[in-house]
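Novice: Here it is, the structure, as structure tokens.
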Amino acid sequence: HIEDSLFQGNYTRNTDIVGGGAINIGRDHLASDKPFVLYIKNSQFIDNHSSAEGRGDAVRRAVWGGGAIRLDSGKVRFSGVNEFRGNWTGQGDAAGGRNRNDIELAAASATDNVPWLYVDDGTLILDGGIRGVRNGDLDGARLNARVTVENGATLEARNEGEYTLIRGVHFVNNGTVKVDTGRSLLFFHNGAASKIVDGNVEQDSYGRIINNNNIENNGTVKIGDSILEMTDNAKVTGKGTMILMAIGDAETENGQTLAKGEEIEAELYISGANAQIENALVNKGKISILADKDLTIGGALTNNKNIVNEGVLNIAGGGTNSGTVANAGTVNVKGGTLTLNKGISGIGTTKIAAGAGVSVAGDKVDIENSVENKGVLTVFAG
């Protein structure tokens with residue numbers, strides 16, 4: 001148990017071992033029938049770092065050890081208010097690179113005592129974020145590290161740099177993920193269990209970001225190379241923006257490419273009823289809505305890629321479609337104006353509510369659906 005503690009200015013120089021700047025929990029517990037559990041309550045981790053000096057530029061530039069904590073097996077459970085700030089990995093100079101990173105979870109097994117971080121209650125405040133990596137001979141690109149935010153708990157992105165990064169983990173939110181105004185949260189490669197078979201990417205069931213409750217976004221949330229699944233009554237609230245990134249989209253920090261979509265485009269996957277996104281939503285990947293499920297978008301929708309709707313898509317804030325919409329269910333334009341630069345295909349229905357509108361702006365735009373119009377349908381000349 002660690003309680004009411006301050007870890008500040010600690011340093012691990014990784015030459016023969018890899019560890020966290022302040023706390024290192026190794027692989028000794030992988031096969032244990034009594035896995036290690038560390039409880040941390042009301043503590044701070046500030047300006048700790050882990051370096052790979054002497055291992056060559058390529059390694060020094062990589063995420064090497066956790067800035068504050070490295071967990072290879074067992075569990076860390078947070079309660080109360082815990083804050084991470086200013087932690088980093090890397091060489092720390094312009095040549096070697098310096099990556100903001102609070103916690104590293106290194107999966108060395110696909111089944112045994114995988115590293116698992118829990119936010120049990122209270123608030124976990126992250127600056128650099130959490131990164132999952134492969135440790136040892138784990139098969140292929142499988143990363144099995146896990147993060148769970150429990151009901152009533154909050155994980156808050158409070159980035160001092162460009163963004164807080166949660167990368168390479170199976171992430172389940174049963175509580176609240178919070179992003180305030182001016183802050184950014186990037187989920188990347190959290191299709192962590194993805195692998196390529198015969199040229200196709202396969203997703204295991206745990207390789208997702210699963211939102212069972214609320215992402216409170218008043219800043220920016222980006223989903224890259226990952227699947228965000230929303231279950232029954234899941235929400236993204238606030239006045240921020242959510243962006244589904246395309247393959248090839250990259251994020252950099254200090255001149256380094258730390259996250260680049262190479263395997264899969266980002267996907268918003270609606271598997272539950274009454275899913276809601278209050279934010280503006282920019283789609284450069286894919287939105288999938290299963291049959292008998294529904295999604296309501298309260299902010300403006302910008303679709304630049306692909307929407308596959310077999311359920312109900314409610315568009316309450318208008319927007320623009322410049323991609324494809326395959327609609328076998330119902331598209332309800334309930335507010336604002338939806339501008340169609342490209343059409344809507346499929347056997348479904350498009351409904352325009354009173355006070356709402358659809359404007360056909362592109363050349364040769366087809367709406368294959370049946371149309372029920374109680375608002376305004378505008379077709380521009382030319």
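The way I read the labels, and the way they are meant: chains A, B, ... in the order of the structure tokens, residue 1 as the first residue of every chain, and ligand 1 as the first ligand shown, with later ones counted on from there.
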Using DSSP secondary structure from the backbone, list all strand (DSSP E or B) positions within range 161-194 of chain A, as an NGL selection string.
Specialist: :A and (164-167 or 170-173 or 176-179 or 184-188)
Novice: For all heavy atoms, I'd like the residues from the last selection saved as a compact mmCIF listing (two decimals), in the first residue's frame.
Specialist:
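Final output, result-v1.txt:
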```txt
# COMPACT_ATOMS: atom_id res chain seq x y z
N THR A 164 -2.60 13.93 -23.92
CA THR A 164 -2.41 12.74 -23.10
C THR A 164 -2.68 11.54 -24.00
O THR A 164 -3.70 11.49 -24.68
CB THR A 164 -3.37 12.73 -21.90
OG1 THR A 164 -3.06 13.84 -21.04
CG2 THR A 164 -3.24 11.44 -21.11
N LEU A 165 -1.76 10.58 -24.00
CA LEU A 165 -1.84 9.44 -24.91
C LEU A 165 -2.14 8.16 -24.13
O LEU A 165 -1.45 7.83 -23.18
CB LEU A 165 -0.52 9.29 -25.66
CG LEU A 165 -0.36 8.06 -26.57
CD1 LEU A 165 -1.38 8.09 -27.70
CD2 LEU A 165 1.06 7.99 -27.12
N ILE A 166 -3.20 7.47 -24.53
CA ILE A 166 -3.46 6.12 -24.02
C ILE A 166 -3.33 5.18 -25.20
O ILE A 166 -4.13 5.20 -26.12
CB ILE A 166 -4.85 6.02 -23.37
CG1 ILE A 166 -4.91 6.95 -22.15
CG2 ILE A 166 -5.16 4.58 -22.96
CD1 ILE A 166 -6.23 6.96 -21.44
N ARG A 167 -2.28 4.36 -25.15
CA ARG A 167 -1.88 3.61 -26.35
C ARG A 167 -1.61 2.15 -26.02
O ARG A 167 -0.98 1.82 -25.02
CB ARG A 167 -0.61 4.23 -26.93
CG ARG A 167 -0.07 3.48 -28.13
CD ARG A 167 1.14 4.16 -28.70
NE ARG A 167 1.64 3.43 -29.87
CZ ARG A 167 2.61 3.86 -30.65
NH1 ARG A 167 3.19 5.02 -30.41
NH2 ARG A 167 3.01 3.14 -31.66
N HIS A 170 -6.06 -2.55 -23.69
CA HIS A 170 -7.50 -2.78 -23.74
C HIS A 170 -8.11 -1.90 -22.66
O HIS A 170 -7.82 -2.05 -21.47
CB HIS A 170 -7.80 -4.25 -23.46
CG HIS A 170 -9.24 -4.55 -23.24
ND1 HIS A 170 -10.22 -4.12 -24.11
CD2 HIS A 170 -9.88 -5.22 -22.26
CE1 HIS A 170 -11.40 -4.53 -23.66
NE2 HIS A 170 -11.21 -5.19 -22.54
N PHE A 171 -8.95 -0.95 -23.06
CA PHE A 171 -9.43 0.11 -22.16
C PHE A 171 -10.94 -0.02 -21.98
O PHE A 171 -11.69 -0.01 -22.96
CB PHE A 171 -9.10 1.48 -22.75
CG PHE A 171 -9.39 2.64 -21.84
CD1 PHE A 171 -8.41 3.15 -21.01
CD2 PHE A 171 -10.65 3.22 -21.82
CE1 PHE A 171 -8.68 4.23 -20.17
CE2 PHE A 171 -10.94 4.28 -20.99
CZ PHE A 171 -9.94 4.79 -20.16
N VAL A 172 -11.38 -0.14 -20.73
CA VAL A 172 -12.81 -0.23 -20.42
C VAL A 172 -13.18 0.90 -19.47
O VAL A 172 -12.58 1.03 -18.38
CB VAL A 172 -13.17 -1.59 -19.79
CG1 VAL A 172 -14.64 -1.62 -19.41
CG2 VAL A 172 -12.85 -2.73 -20.74
N ASN A 173 -14.16 1.70 -19.86
CA ASN A 173 -14.62 2.80 -19.02
C ASN A 173 -16.02 2.50 -18.50
O ASN A 173 -17.00 2.53 -19.23
CB ASN A 173 -14.65 4.11 -19.81
CG ASN A 173 -15.25 5.25 -18.99
OD1 ASN A 173 -15.00 5.35 -17.79
ND2 ASN A 173 -16.05 6.09 -19.62
N THR A 176 -16.05 7.62 -15.60
CA THR A 176 -15.97 8.85 -16.38
C THR A 176 -14.54 9.06 -16.87
O THR A 176 -13.59 8.93 -16.10
CB THR A 176 -16.39 10.07 -15.55
OG1 THR A 176 -17.74 9.91 -15.11
CG2 THR A 176 -16.28 11.36 -16.35
N VAL A 177 -14.41 9.36 -18.15
CA VAL A 177 -13.15 9.84 -18.71
C VAL A 177 -13.35 11.32 -18.98
O VAL A 177 -14.28 11.71 -19.67
CB VAL A 177 -12.77 9.10 -20.00
CG1 VAL A 177 -11.54 9.72 -20.64
CG2 VAL A 177 -12.54 7.61 -19.71
N LYS A 178 -12.47 12.16 -18.43
CA LYS A 178 -12.70 13.61 -18.44
C LYS A 178 -11.60 14.34 -19.21
O LYS A 178 -10.41 14.11 -19.00
CB LYS A 178 -12.76 14.14 -17.01
CG LYS A 178 -13.10 15.61 -16.89
CD LYS A 178 -13.19 16.03 -15.42
CE LYS A 178 -13.56 17.50 -15.28
NZ LYS A 178 -13.65 17.91 -13.86
N VAL A 179 -12.04 15.23 -20.12
CA VAL A 179 -11.12 16.07 -20.88
C VAL A 179 -11.66 17.49 -20.82
O VAL A 179 -12.72 17.79 -21.38
CB VAL A 179 -11.01 15.61 -22.34
CG1 VAL A 179 -9.97 16.44 -23.09
CG2 VAL A 179 -10.68 14.12 -22.44
N SER A 184 -6.35 17.66 -24.48
CA SER A 184 -6.54 16.69 -25.56
C SER A 184 -6.22 15.29 -25.07
O SER A 184 -5.25 15.08 -24.33
CB SER A 184 -5.62 17.03 -26.74
OG SER A 184 -5.93 18.30 -27.29
N LEU A 185 -7.02 14.34 -25.51
CA LEU A 185 -6.81 12.93 -25.18
C LEU A 185 -6.78 12.15 -26.48
O LEU A 185 -7.69 12.26 -27.30
CB LEU A 185 -7.91 12.41 -24.27
CG LEU A 185 -7.89 10.92 -23.94
CD1 LEU A 185 -6.61 10.54 -23.20
CD2 LEU A 185 -9.11 10.53 -23.11
N LEU A 186 -5.74 11.34 -26.66
CA LEU A 186 -5.58 10.53 -27.86
C LEU A 186 -5.56 9.06 -27.47
O LEU A 186 -4.70 8.61 -26.71
CB LEU A 186 -4.27 10.89 -28.58
CG LEU A 186 -3.83 10.01 -29.74
CD1 LEU A 186 -4.87 10.03 -30.86
CD2 LEU A 186 -2.47 10.46 -30.27
N PHE A 187 -6.54 8.32 -27.98
CA PHE A 187 -6.52 6.87 -27.87
C PHE A 187 -5.91 6.34 -29.16
O PHE A 187 -6.42 6.60 -30.25
CB PHE A 187 -7.94 6.30 -27.73
CG PHE A 187 -8.58 6.53 -26.39
CD1 PHE A 187 -9.51 7.55 -26.23
CD2 PHE A 187 -8.29 5.72 -25.31
CE1 PHE A 187 -10.13 7.76 -25.01
CE2 PHE A 187 -8.90 5.92 -24.09
CZ PHE A 187 -9.82 6.92 -23.93
N PHE A 188 -4.83 5.55 -29.03
CA PHE A 188 -4.17 5.10 -30.24
C PHE A 188 -3.72 3.65 -30.12
O PHE A 188 -3.23 3.22 -29.10
CB PHE A 188 -2.95 5.96 -30.55
CG PHE A 188 -2.70 6.09 -32.01
CD1 PHE A 188 -3.24 7.14 -32.74
CD2 PHE A 188 -1.96 5.14 -32.68
CE1 PHE A 188 -3.03 7.26 -34.09
CE2 PHE A 188 -1.76 5.24 -34.04
CZ PHE A 188 -2.28 6.29 -34.75
```
Novice: Would you list the contacts of range 335-347 of chain A as a ChimeraX atom specification, taking every protein, DNA or RNA residue within 10 Å and counting only C-alpha atoms, but skipping same-chain residues closer than 5 positions in sequence?
Specialist: /A:298-304,307-310,314-330,352-370,375-379
Novice: What does the file look like for those residues with C-alpha atoms, as a short mmCIF file (atom, residue, chain, number, x, y, z; two decimals), in the first residue's frame?
Specialist:
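So selection_23.cif came out as:
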```cif
data_model
loop_
_atom_site.label_atom_id
_atom_site.label_comp_id
_atom_site.auth_asym_id
_atom_site.auth_seq_id
_atom_site.Cartn_x
_atom_site.Cartn_y
_atom_site.Cartn_z
CA GLY A 298 -25.96 16.40 -30.92
CA GLY A 299 -23.11 18.38 -32.44
CA ALA A 300 -22.27 18.86 -36.09
CA LEU A 301 -21.38 15.69 -38.01
CA THR A 302 -18.60 15.87 -40.59
CA ASN A 303 -18.41 12.60 -42.48
CA ASN A 304 -15.40 12.33 -44.77
CA ILE A 307 -21.03 5.34 -42.25
CA VAL A 308 -22.73 1.94 -42.17
CA ASN A 309 -26.12 2.19 -40.47
CA GLU A 310 -28.35 -0.80 -39.85
CA ASN A 314 -30.16 10.67 -35.28
CA ILE A 315 -28.43 13.84 -36.50
CA ALA A 316 -29.48 16.74 -34.29
CA GLY A 317 -26.78 19.30 -35.09
CA GLY A 318 -26.64 19.19 -38.87
CA GLY A 319 -23.35 18.73 -40.65
CA THR A 320 -21.76 17.70 -43.95
CA ASN A 321 -21.50 14.38 -45.75
CA SER A 322 -18.58 14.11 -48.17
CA GLY A 323 -18.13 10.36 -47.73
CA THR A 324 -20.34 7.31 -48.08
CA VAL A 325 -23.50 6.57 -46.10
CA ALA A 326 -24.85 3.05 -46.48
CA ASN A 327 -28.23 3.18 -44.77
CA ALA A 328 -30.26 0.02 -44.28
CA GLY A 329 -31.98 1.48 -41.22
CA THR A 330 -33.15 5.02 -40.51
CA ILE A 352 -36.25 15.18 -42.18
CA ALA A 353 -37.98 16.57 -39.10
CA ALA A 354 -39.85 19.86 -38.92
CA GLY A 355 -37.35 22.67 -38.50
CA ALA A 356 -34.49 20.60 -39.93
CA GLY A 357 -33.14 20.48 -43.46
CA VAL A 358 -31.17 18.51 -46.04
CA SER A 359 -29.30 20.42 -48.76
CA VAL A 360 -28.06 18.61 -51.85
CA ALA A 361 -24.89 20.46 -52.82
CA GLY A 362 -22.80 17.98 -54.80
CA ASP A 363 -23.09 16.96 -58.43
CA LYS A 364 -25.09 13.79 -59.14
CA VAL A 365 -26.05 13.13 -55.52
CA ASP A 366 -28.37 10.16 -55.16
CA ILE A 367 -30.59 9.39 -52.19
CA GLU A 368 -31.57 5.77 -52.71
CA ASN A 369 -33.58 5.68 -49.46
CA SER A 370 -37.22 6.48 -49.20
CA GLY A 375 -38.66 20.02 -42.95
CA VAL A 376 -36.76 21.49 -45.89
CA LEU A 377 -35.15 19.59 -48.75
CA THR A 378 -33.02 21.90 -50.91
CA VAL A 379 -31.42 21.03 -54.24
#
```
Novice: So that I can check the surroundings of Arg158 in chain A, please list as a list in words every protein, DNA and RNA residue that reaches within 10 Å of it, counting only C-alpha atoms and ignoring chain neighbours fewer than 6 positions away.
Specialist: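 Here the qualifying residues turn out to be Glu83, Phe84, Arg85, Leu124, Ile125, Leu126, Asp127, Gly128, Gly129, Thr164, Lys178, Val179, Asp180, Thr181, Gly182, Arg183, Ser184 and Leu185 of chain A.
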Novice: Mind checking which residues fall within 6 Å of Ala22 in chain A, counting only C-alpha atoms, ignoring those fewer than 3 positions away in the same chain, and posting them as a short mmCIF file (atom, residue, chain, number, x, y, z; two decimals) with N, CA and C atoms, in the first residue's frame?
Specialist:
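Generated file (out.cif):
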```cif
data_model
loop_
_atom_site.label_atom_id
_atom_site.label_comp_id
_atom_site.auth_asym_id
_atom_site.auth_seq_id
_atom_site.Cartn_x
_atom_site.Cartn_y
_atom_site.Cartn_z
N ASN A 10 12.66 11.24 -9.32
CA ASN A 10 13.34 9.94 -9.36
C ASN A 10 13.76 9.61 -10.79
N ALA A 68 7.05 7.20 -14.68
CA ALA A 68 6.92 7.07 -13.23
C ALA A 68 6.78 5.61 -12.80
N ILE A 69 5.95 4.82 -13.52
CA ILE A 69 5.68 3.44 -13.13
C ILE A 69 5.81 2.53 -14.34
#
```
Novice: Mind pulling up the distance from CA of Asn82 in chain A to CA of Ile40 in chain A?
Specialist: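 Interatomic distance here is 7.9 Å.
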Novice: Mind checking which residues fall within 8 Å of Lys239 in chain A, counting only C-alpha atoms, ignoring those fewer than 3 positions away in the same chain, and posting them as a list in words?
Specialist: Asn217, Asn218, Gly219, Glu278, Asn279 and Ala280 of chain A
Novice: List the spatial neighbours of Ile277 in chain A as a list in words - criterion: any atom at most 6 Å away, only C-alpha atoms, same-chain residues fewer than 6 positions off excluded.
Specialist: Lys235, Val236 and Ile297 of chain A
